[in-house]
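What follows is a single structure, written as structure tokens, with notes after it.
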Amino acid sequence: MHYVGFALQWLMKALAVVLAITVLNFLIVRLAPGDPAIVMAGEAGAADSQFLAQVRKDFGLDRPIYVQLATYVGKVLTLDLGRSYRTRRPVGDMLLERLPATLLLTGTAYIFALIVGALLGAIAAAKAHTFLDSVLTAVALVFYATPIFWVGLLLILVFSVQLGWLPPFGMHSLIPVKGTLWQMLDTLKHLVLPALTLGLFYVAVYVRLTRASMLDTASLEYVKTARAKGLPEWRVLTAHILRTALIPIITFAGMQAGNLVGGAIVVETVFAWPGIGRLAFDALFQRDYNILLGVFLISALMVVFFNMLTDLAVRVADPRVGSRT
Amino acid sequence: MRRILRRVMQNRGAVAGGVVLAVILVCAVAAPLIAPGDPMATRGRPLLPPGGQFPFGTDMLGRDVLAGIVHGARISLLIGVMSTFAAVLIGVTVGAIAGFFGGWVDEVLVRFTEFFQTIPSFVFAILLVAIMRPGLASIIIAIAVVTWPPIARLARSEFMSIRHREFVEAAVLSGVSQGRIIVTEVLPNAASPLIVVSSLMVATAILTESALSFLGLGDPNHISWGYMVGAARTVFRQAWWLSVFPGLAIALTVLAINLVGEGLNDALNPHLKGRIGA
């Protein structure tokens with residue numbers, strides 16, 4: 001694999017996405033009813049005239065529209081995402097502060113969902129048309145249909161309110177714990193419920209997908225050959241079927257990454273998880289549009305990042321992909 | 001048509017889903033009869049547990065939860081169907097043009113579709129609704145704008161394969177206009193996979209709407225299930241019924257639509273059994 005080529009290729013993709021989202025953001029703000037300065041500065045009335053004048057000057061809103069677009073793109077490319085109307089702080093700084101919490105949550109949920117989903121899906125496929133398969137498929141369908149905010153609330157009701165096992169909100173205990181190891185354990189304890197909530201929906205997706213993909217692969221000729229060679233069944237399942245069946249699953253997982261970030265907004269709201277999603281939720285109430293535009297941009301970049309990881313994973317699972325390009 | 005119906009009826013899941021969906025549909029249509037008056041109005045003491053006069057209890061403002069569920073069904077189904085309709089309209093138009101004409105038109109439209117598919121759709125929907133101001137129309141538009149790409153891709157591949165069949169070539173040779181060929185010759189033959197995917201999209205749209213209203217981006221003039229769960233969040237430890245019933249309503253509706261959609265899939269596209277909808 002050519003690592004330099006790979007990195008360059010994804011860097012270009014990231015740049016293209018940033019440009020495209022920036023133009024889209026620009027158009028969306030102009031789509032809103034009223035003065036774009038007021039939209040960018042927050043709700044009318046709440047923003048004072050001095051701040052409005054500053055926004056107009058910063059974004060060149062008194063100049064022709066193409067100059068405005070160029071100004072805006074230039075600002076975003078130099079990582080200037082404007083200021084939050086509420087805190088008056090640069091949006092870029094606020095997003096970067098919150099990014100680690102969101103990456104921890106989405107990353108954990110993503111890996112949990114992929115491993116558990118593929119595993120349960122493989123079991124369902126291996127035991128196709130048995131009672132176990134029916135149960136797994138039915139449970140997956142139920143979780144697929146259930147809104148994640150509701151799953152989150154129910155998990156809090158059971159594991160925090162009733163059983164008192166896990167904390168219902170936040171990322172750290174209110175009384176700070178001493179020692180790095182204990183702090184990590186504390187965060188881990190807070191992470192379980194939100195990651196489970198976000199992950200369960202995708203577990204359901206991957207169970208369904210893995211099962212279908214494995215049953216498709218199992219009917220292929222080379223699998224029959226492997227069986228005819230007298231390989232033990234578990235070898236056929238793991239080395240021949242699962243490995244091939246995994247590729248569409250990993251590819252699909254990459255496509256789903258965008259929704260994972262969207263789901264994080266809901267989950268972070270339910271669990272008061274201090275990430276980008278929670279920031280977006282607060283911004284919604286204050287109509288702090290600059291933050292929302294920034295969240296949109298950074299979540300698109302997170303999709304590119306997850307897609308890059310997916311591409312890497314596919315190359316590992318299927319060496320042919322890397323050599324073809 | 002009758003054969004398709006018979007095949008769907010043989011699928012137990014689809015029948016169960018159909019029955020549940022029918023009940024929800026009746027609730028939605030008969031909402032003013034089942035729970036007369038404004039569901040947003042105060043009816044009794046706040047936070048009454050389920051039972052007696054209020055089978056599903058009352059919320060923190062003393063509103064009847066059952067009335068909210070019944071009237072909320074209207075909003076969920078309306079938004080689910082309307083936004084899917086709009087998404088299919090956009091998706092089929094883009095996909096049909098790309099698949100029928102091919103060449104650079106196809107190239108441009110495919111790139112356009114791919115871009116919309118990679119952007120985080122729920123975040124985009126939030127942004128659109130927030131900027132356009134929450135309301136039925138803005139929610140429907142936002143959901144349609146973020147969900148059309150899979151339809152476009154499917155329509156494109158169907159149109160590409162049908163475009164070169166003999167009956168289409170014959171129509172081209174006999175001088176029928178291209179627009180007419182697309183609508184009268186190709187579209188009917190591409191319909192069945194599109195119907196399956198759009199039926200499943202209604203379920204996704206309902207989930208998206210519920211998440212938007214949960215975040216406070218619902219239409220402020222209409223009660224909806226997501227709004228009910230979201231509003232009850234602060235008191236859900238004391239009053240479980242406020243979040244449990246509307247959440248159950250969402251899950252049941254989405255489940256029912258998925259079951260019917262899968263039944264339709266098995267009946268209309270037997271060769272695709274189990275592949276769509278994961």
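Each chain of the structure tokens is named A, B, ... in the order shown, its residues numbered from 1; ligands are numbered from 1 in display order.
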**Prompt:** Counting only C-alpha atoms, what is within 10 Å of region 177-187 of chain B, bar same-chain residues fewer than 4 positions away, as a list of chain:residue names?
**Reply:**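 Final neighbour list, sorted by chain and number: B:Val92, B:Thr93, B:Ala96, B:Ile97, B:Phe100, B:Phe101, B:Ala155, B:Glu158, B:Phe159, B:Met160, B:Ser161, B:Ile162, B:Arg163, B:Arg165, B:Phe167, B:Val168, B:Glu169, B:Ala171, B:Val172, B:Ala191, B:Ser192, B:Leu194.
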Within 10 Å of chain A, which residues of chain B show up? Give each one with its shortest atom-to-atom distance in Å (one decimal) and the two atoms involved, counting only C-alpha atoms, rows by chain then rising residue number, as JSON lines.
```
{"residue": "B:Phe115", "atom": "CA", "partner": "A:Val17", "partner_atom": "CA", "distance": 8.1}
{"residue": "B:Gln117", "atom": "CA", "partner": "A:Met255", "partner_atom": "CA", "distance": 8.0}
{"residue": "B:Thr118", "atom": "CA", "partner": "A:Gly258", "partner_atom": "CA", "distance": 6.7}
{"residue": "B:Ile119", "atom": "CA", "partner": "A:Ala300", "partner_atom": "CA", "distance": 5.5}
{"residue": "B:Pro120", "atom": "CA", "partner": "A:Gly258", "partner_atom": "CA", "distance": 4.1}
{"residue": "B:Ser121", "atom": "CA", "partner": "A:Asn259", "partner_atom": "CA", "distance": 6.4}
{"residue": "B:Phe122", "atom": "CA", "partner": "A:Gly262", "partner_atom": "CA", "distance": 4.9}
{"residue": "B:Val123", "atom": "CA", "partner": "A:Gly262", "partner_atom": "CA", "distance": 5.3}
{"residue": "B:Phe124", "atom": "CA", "partner": "A:Phe296", "partner_atom": "CA", "distance": 6.6}
{"residue": "B:Ala125", "atom": "CA", "partner": "A:Gly262", "partner_atom": "CA", "distance": 9.4}
{"residue": "B:Ile126", "atom": "CA", "partner": "A:Leu292", "partner_atom": "CA", "distance": 8.6}
{"residue": "B:Leu127", "atom": "CA", "partner": "A:Leu292", "partner_atom": "CA", "distance": 6.5}
{"residue": "B:Leu128", "atom": "CA", "partner": "A:Ile28", "partner_atom": "CA", "distance": 7.3}
{"residue": "B:Val129", "atom": "CA", "partner": "A:Ala32", "partner_atom": "CA", "distance": 10.0}
{"residue": "B:Ala130", "atom": "CA", "partner": "A:Leu284", "partner_atom": "CA", "distance": 7.0}
{"residue": "B:Ile131", "atom": "CA", "partner": "A:Ala32", "partner_atom": "CA", "distance": 5.5}
{"residue": "B:Met132", "atom": "CA", "partner": "A:Ala32", "partner_atom": "CA", "distance": 5.6}
{"residue": "B:Arg133", "atom": "CA", "partner": "A:Ala32", "partner_atom": "CA", "distance": 8.4}
{"residue": "B:Ala203", "atom": "CA", "partner": "A:Ala145", "partner_atom": "CA", "distance": 7.9}
{"residue": "B:Thr204", "atom": "CA", "partner": "A:Ala145", "partner_atom": "CA", "distance": 8.5}
{"residue": "B:Ile206", "atom": "CA", "partner": "A:Pro147", "partner_atom": "CA", "distance": 9.5}
{"residue": "B:Leu207", "atom": "CA", "partner": "A:Pro147", "partner_atom": "CA", "distance": 6.1}
{"residue": "B:Thr208", "atom": "CA", "partner": "A:Pro147", "partner_atom": "CA", "distance": 8.6}
{"residue": "B:Ser210", "atom": "CA", "partner": "A:Pro147", "partner_atom": "CA", "distance": 7.6}
{"residue": "B:Ala211", "atom": "CA", "partner": "A:Val266", "partner_atom": "CA", "distance": 7.2}
{"residue": "B:Leu212", "atom": "CA", "partner": "A:Val266", "partner_atom": "CA", "distance": 8.9}
{"residue": "B:Phe214", "atom": "CA", "partner": "A:Phe149", "partner_atom": "CA", "distance": 8.0}
{"residue": "B:Leu215", "atom": "CA", "partner": "A:Phe281", "partner_atom": "CA", "distance": 7.1}
{"residue": "B:Gly216", "atom": "CA", "partner": "A:Phe285", "partner_atom": "CA", "distance": 8.2}
{"residue": "B:Leu217", "atom": "CA", "partner": "A:Leu284", "partner_atom": "CA", "distance": 8.5}
{"residue": "B:Gly226", "atom": "CA", "partner": "A:Pro147", "partner_atom": "CA", "distance": 9.0}
{"residue": "B:Val229", "atom": "CA", "partner": "A:Trp150", "partner_atom": "CA", "distance": 7.6}
{"residue": "B:Gly230", "atom": "CA", "partner": "A:Phe149", "partner_atom": "CA", "distance": 8.6}
{"residue": "B:Arg233", "atom": "CA", "partner": "A:Leu153", "partner_atom": "CA", "distance": 8.0}
{"residue": "B:Phe236", "atom": "CA", "partner": "A:Leu153", "partner_atom": "CA", "distance": 8.1}
{"residue": "B:Arg237", "atom": "CA", "partner": "A:Leu157", "partner_atom": "CA", "distance": 6.8}
{"residue": "B:Trp240", "atom": "CA", "partner": "A:Leu157", "partner_atom": "CA", "distance": 8.3}
{"residue": "B:Ser243", "atom": "CA", "partner": "A:Trp150", "partner_atom": "CA", "distance": 7.5}
{"residue": "B:Val244", "atom": "CA", "partner": "A:Trp150", "partner_atom": "CA", "distance": 7.8}
{"residue": "B:Pro246", "atom": "CA", "partner": "A:Trp150", "partner_atom": "CA", "distance": 9.2}
{"residue": "B:Gly247", "atom": "CA", "partner": "A:Trp150", "partner_atom": "CA", "distance": 5.9}
{"residue": "B:Leu248", "atom": "CA", "partner": "A:Thr146", "partner_atom": "CA", "distance": 8.1}
{"residue": "B:Ala249", "atom": "CA", "partner": "A:Thr146", "partner_atom": "CA", "distance": 9.6}
{"residue": "B:Ile250", "atom": "CA", "partner": "A:Thr146", "partner_atom": "CA", "distance": 7.1}
{"residue": "B:Ala251", "atom": "CA", "partner": "A:Thr146", "partner_atom": "CA", "distance": 4.6}
{"residue": "B:Leu252", "atom": "CA", "partner": "A:Ala145", "partner_atom": "CA", "distance": 7.6}
{"residue": "B:Thr253", "atom": "CA", "partner": "A:Ala145", "partner_atom": "CA", "distance": 8.3}
{"residue": "B:Val254", "atom": "CA", "partner": "A:Ala145", "partner_atom": "CA", "distance": 5.3}
{"residue": "B:Leu255", "atom": "CA", "partner": "A:Ala145", "partner_atom": "CA", "distance": 5.1}
{"residue": "B:Ala256", "atom": "CA", "partner": "A:Ala145", "partner_atom": "CA", "distance": 8.8}
{"residue": "B:Ile257", "atom": "CA", "partner": "A:Ala145", "partner_atom": "CA", "distance": 9.2}
{"residue": "B:Asn258", "atom": "CA", "partner": "A:Ala145", "partner_atom": "CA", "distance": 7.8}
{"residue": "B:Leu259", "atom": "CA", "partner": "A:Leu141", "partner_atom": "CA", "distance": 8.8}
{"residue": "B:Lys273", "atom": "CA", "partner": "A:Ala212", "partner_atom": "CA", "distance": 9.0}
{"residue": "B:Gly274", "atom": "CA", "partner": "A:Ala212", "partner_atom": "CA", "distance": 6.3}
{"residue": "B:Arg275", "atom": "CA", "partner": "A:Ala212", "partner_atom": "CA", "distance": 6.3}
{"residue": "B:Ile276", "atom": "CA", "partner": "A:Leu209", "partner_atom": "CA", "distance": 9.2}
{"residue": "B:Gly277", "atom": "CA", "partner": "A:Arg208", "partner_atom": "CA", "distance": 8.7}
{"residue": "B:Ala278", "atom": "CA", "partner": "A:Leu209", "partner_atom": "CA", "distance": 5.3}
```
I want to know what sits within 10 Å of region 65-68 of chain B, based on only C-alpha atoms, with residues of the same chain fewer than 6 positions away left out; could you give that as a compact mmCIF listing (two decimals) with N, CA and C atoms, in the first residue's frame?
```txt
# COMPACT_ATOMS: atom_id res chain seq x y z
N ALA B 31 -58.81 10.87 15.24
CA ALA B 31 -58.31 11.56 16.43
C ALA B 31 -59.32 12.53 17.05
N PRO B 32 -60.00 13.35 16.25
CA PRO B 32 -60.96 14.29 16.86
C PRO B 32 -62.13 13.58 17.53
N ILE B 34 -61.84 10.30 18.95
CA ILE B 34 -61.32 9.58 20.11
C ILE B 34 -60.98 10.57 21.23
N ALA B 35 -60.33 11.64 20.88
CA ALA B 35 -59.94 12.63 21.89
C ALA B 35 -60.32 14.02 21.38
N PRO B 36 -61.59 14.41 21.59
CA PRO B 36 -62.06 15.68 21.05
C PRO B 36 -61.32 16.86 21.69
N GLY B 37 -61.27 17.94 20.96
CA GLY B 37 -60.67 19.17 21.50
C GLY B 37 -59.18 19.24 21.23
N ASP B 38 -58.59 20.32 21.72
CA ASP B 38 -57.19 20.58 21.49
C ASP B 38 -56.32 19.69 22.40
N PRO B 39 -55.44 18.86 21.81
CA PRO B 39 -54.59 18.00 22.65
C PRO B 39 -53.57 18.80 23.46
N MET B 40 -53.38 20.07 23.11
CA MET B 40 -52.42 20.90 23.85
C MET B 40 -53.08 21.56 25.07
N ALA B 41 -54.41 21.35 25.24
CA ALA B 41 -55.12 22.03 26.33
C ALA B 41 -55.05 21.24 27.62
N ARG B 43 -56.31 19.37 30.84
CA ARG B 43 -57.53 18.58 31.05
C ARG B 43 -57.76 18.21 32.50
N LEU B 47 -49.47 15.56 36.12
CA LEU B 47 -48.75 14.34 36.52
C LEU B 47 -49.60 13.28 37.19
N LEU B 48 -50.84 13.10 36.69
CA LEU B 48 -51.66 11.99 37.18
C LEU B 48 -51.15 10.71 36.55
N PRO B 50 -51.19 6.80 35.04
CA PRO B 50 -52.19 6.16 34.17
C PRO B 50 -53.32 5.52 34.98
N PHE B 54 -57.90 9.13 32.79
CA PHE B 54 -56.78 9.27 31.84
C PHE B 54 -55.98 7.98 31.78
N PRO B 55 -56.31 7.11 30.80
CA PRO B 55 -55.67 5.78 30.75
C PRO B 55 -54.15 5.86 30.64
N PHE B 56 -53.63 6.92 30.01
CA PHE B 56 -52.17 7.06 29.88
C PHE B 56 -51.64 8.16 30.79
N GLY B 57 -52.47 8.67 31.71
CA GLY B 57 -52.03 9.71 32.65
C GLY B 57 -52.05 11.11 32.05
N THR B 58 -51.58 12.08 32.87
CA THR B 58 -51.48 13.46 32.37
C THR B 58 -50.03 13.93 32.53
N ASP B 59 -49.67 14.98 31.76
CA ASP B 59 -48.29 15.46 31.83
C ASP B 59 -48.15 16.60 32.84
N HIS B 222 -48.37 21.94 16.77
CA HIS B 222 -48.94 20.59 16.73
C HIS B 222 -48.20 19.70 17.72
N ILE B 223 -48.96 18.84 18.39
CA ILE B 223 -48.32 17.92 19.32
C ILE B 223 -47.72 16.77 18.51
N SER B 224 -46.54 16.31 18.91
CA SER B 224 -45.97 15.15 18.22
C SER B 224 -45.29 14.25 19.25
N TRP B 225 -45.07 13.01 18.88
CA TRP B 225 -44.56 12.01 19.82
C TRP B 225 -43.17 12.38 20.33
N TYR B 227 -41.84 15.32 20.51
CA TYR B 227 -41.96 16.47 21.41
C TYR B 227 -42.37 16.02 22.81
N MET B 228 -43.33 15.08 22.86
CA MET B 228 -43.82 14.61 24.16
C MET B 228 -42.69 13.98 24.98
N TRP B 241 -44.60 7.41 32.65
CA TRP B 241 -45.59 7.26 31.58
C TRP B 241 -45.49 8.35 30.52
N LEU B 242 -44.93 9.49 30.90
CA LEU B 242 -44.85 10.59 29.94
C LEU B 242 -43.90 10.27 28.80
N SER B 243 -42.82 9.54 29.07
CA SER B 243 -41.92 9.22 27.97
C SER B 243 -42.15 7.82 27.42
N PHE B 245 -45.05 5.97 26.90
CA PHE B 245 -46.12 5.76 25.91
C PHE B 245 -45.81 6.38 24.54
N PRO B 246 -45.41 7.66 24.49
CA PRO B 246 -45.10 8.19 23.15
C PRO B 246 -43.92 7.46 22.49
```
**Message:** From the options A:Ala272, A:Ala195, A:Val314, A:Ala126, which residue's atoms come nearest to Thr217 (chain A), counting only C-alpha atoms?
**Reply:**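 For Thr217 (chain A), the nearest of the given residues is A:Ala126.
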**Request:** Between CA of His190 (chain A) and CA of Gln238 (chain B), measure the distance and give it in Å to one decimal.
**Result:** 22.1 Å
**Request:** Mind checking which residues fall within 12 Å of Ile115 (chain A), counting only C-alpha atoms, ignoring those fewer than 2 positions away in the same chain, and posting them as a ChimeraX atom specification?
**Result:** /A:108-113,117-122,199-200,202-207,210,246,249-250,253
Restrict the selected residues to N, CA and C atoms and save them as an mmCIF file, in the first residue's frame.
```
data_model
loop_
_atom_site.group_PDB
_atom_site.id
_atom_site.type_symbol
_atom_site.label_atom_id
_atom_site.label_comp_id
_atom_site.auth_asym_id
_atom_site.auth_seq_id
_atom_site.Cartn_x
_atom_site.Cartn_y
_atom_site.Cartn_z
ATOM 1 N N THR A 108 -16.275 4.783 20.421
ATOM 2 C CA THR A 108 -16.623 3.609 21.224
ATOM 3 C C THR A 108 -17.877 2.930 20.678
ATOM 4 N N ALA A 109 -18.898 3.752 20.386
ATOM 5 C CA ALA A 109 -20.155 3.185 19.896
ATOM 6 C C ALA A 109 -19.939 2.478 18.555
ATOM 7 N N TYR A 110 -19.121 3.072 17.703
ATOM 8 C CA TYR A 110 -18.857 2.558 16.359
ATOM 9 C C TYR A 110 -18.179 1.187 16.439
ATOM 10 N N ILE A 111 -17.115 1.112 17.270
ATOM 11 C CA ILE A 111 -16.371 -0.145 17.380
ATOM 12 C C ILE A 111 -17.229 -1.215 18.050
ATOM 13 N N PHE A 112 -17.924 -0.818 19.126
ATOM 14 C CA PHE A 112 -18.830 -1.740 19.817
ATOM 15 C C PHE A 112 -19.874 -2.295 18.839
ATOM 16 N N ALA A 113 -20.484 -1.397 18.057
ATOM 17 C CA ALA A 113 -21.551 -1.818 17.140
ATOM 18 C C ALA A 113 -21.006 -2.749 16.065
ATOM 19 N N GLY A 117 -22.259 -6.342 16.403
ATOM 20 C CA GLY A 117 -23.207 -6.548 15.303
ATOM 21 C C GLY A 117 -22.750 -7.635 14.350
ATOM 22 N N ALA A 118 -21.465 -7.575 13.951
ATOM 23 C CA ALA A 118 -20.955 -8.579 13.018
ATOM 24 C C ALA A 118 -20.965 -9.967 13.659
ATOM 25 N N LEU A 119 -20.622 -10.005 14.954
ATOM 26 C CA LEU A 119 -20.577 -11.289 15.659
ATOM 27 C C LEU A 119 -21.977 -11.920 15.747
ATOM 28 N N LEU A 120 -22.942 -11.118 16.221
ATOM 29 C CA LEU A 120 -24.305 -11.650 16.355
ATOM 30 C C LEU A 120 -24.894 -11.983 14.986
ATOM 31 N N GLY A 121 -24.579 -11.146 13.985
ATOM 32 C CA GLY A 121 -25.072 -11.410 12.634
ATOM 33 C C GLY A 121 -24.498 -12.710 12.086
ATOM 34 N N ALA A 122 -23.201 -12.944 12.386
ATOM 35 C CA ALA A 122 -22.557 -14.180 11.937
ATOM 36 C C ALA A 122 -23.199 -15.388 12.606
ATOM 37 N N GLY A 199 -24.759 2.889 20.307
ATOM 38 C CA GLY A 199 -24.301 1.686 19.617
ATOM 39 C C GLY A 199 -25.410 0.698 19.283
ATOM 40 N N LEU A 200 -26.409 0.587 20.152
ATOM 41 C CA LEU A 200 -27.419 -0.477 19.976
ATOM 42 C C LEU A 200 -28.139 -0.388 18.636
ATOM 43 N N TYR A 202 -26.946 0.710 15.869
ATOM 44 C CA TYR A 202 -26.044 0.226 14.818
ATOM 45 C C TYR A 202 -25.743 -1.259 14.956
ATOM 46 N N VAL A 203 -25.763 -1.780 16.200
ATOM 47 C CA VAL A 203 -25.664 -3.232 16.370
ATOM 48 C C VAL A 203 -26.786 -3.867 15.551
ATOM 49 N N ALA A 204 -27.988 -3.314 15.706
ATOM 50 C CA ALA A 204 -29.141 -3.845 14.978
ATOM 51 C C ALA A 204 -28.902 -3.795 13.471
ATOM 52 N N VAL A 205 -28.386 -2.657 12.994
ATOM 53 C CA VAL A 205 -28.122 -2.519 11.559
ATOM 54 C C VAL A 205 -27.125 -3.573 11.090
ATOM 55 N N TYR A 206 -26.034 -3.742 11.856
ATOM 56 C CA TYR A 206 -24.987 -4.664 11.418
ATOM 57 C C TYR A 206 -25.392 -6.121 11.551
ATOM 58 N N VAL A 207 -26.227 -6.444 12.523
ATOM 59 C CA VAL A 207 -26.729 -7.816 12.620
ATOM 60 C C VAL A 207 -27.483 -8.168 11.338
ATOM 61 N N THR A 210 -24.920 -8.210 8.322
ATOM 62 C CA THR A 210 -23.980 -9.332 8.336
ATOM 63 C C THR A 210 -24.695 -10.622 7.984
ATOM 64 N N LEU A 246 -17.513 -9.588 5.277
ATOM 65 C CA LEU A 246 -17.199 -8.401 6.064
ATOM 66 C C LEU A 246 -17.023 -7.149 5.210
ATOM 67 N N ILE A 249 -19.933 -5.005 4.770
ATOM 68 C CA ILE A 249 -20.322 -4.491 6.082
ATOM 69 C C ILE A 249 -19.455 -3.307 6.481
ATOM 70 N N ILE A 250 -18.151 -3.462 6.275
ATOM 71 C CA ILE A 250 -17.248 -2.362 6.620
ATOM 72 C C ILE A 250 -17.546 -1.151 5.735
ATOM 73 N N ALA A 253 -20.551 0.455 6.986
ATOM 74 C CA ALA A 253 -20.273 1.127 8.255
ATOM 75 C C ALA A 253 -19.696 2.515 7.995
#
```
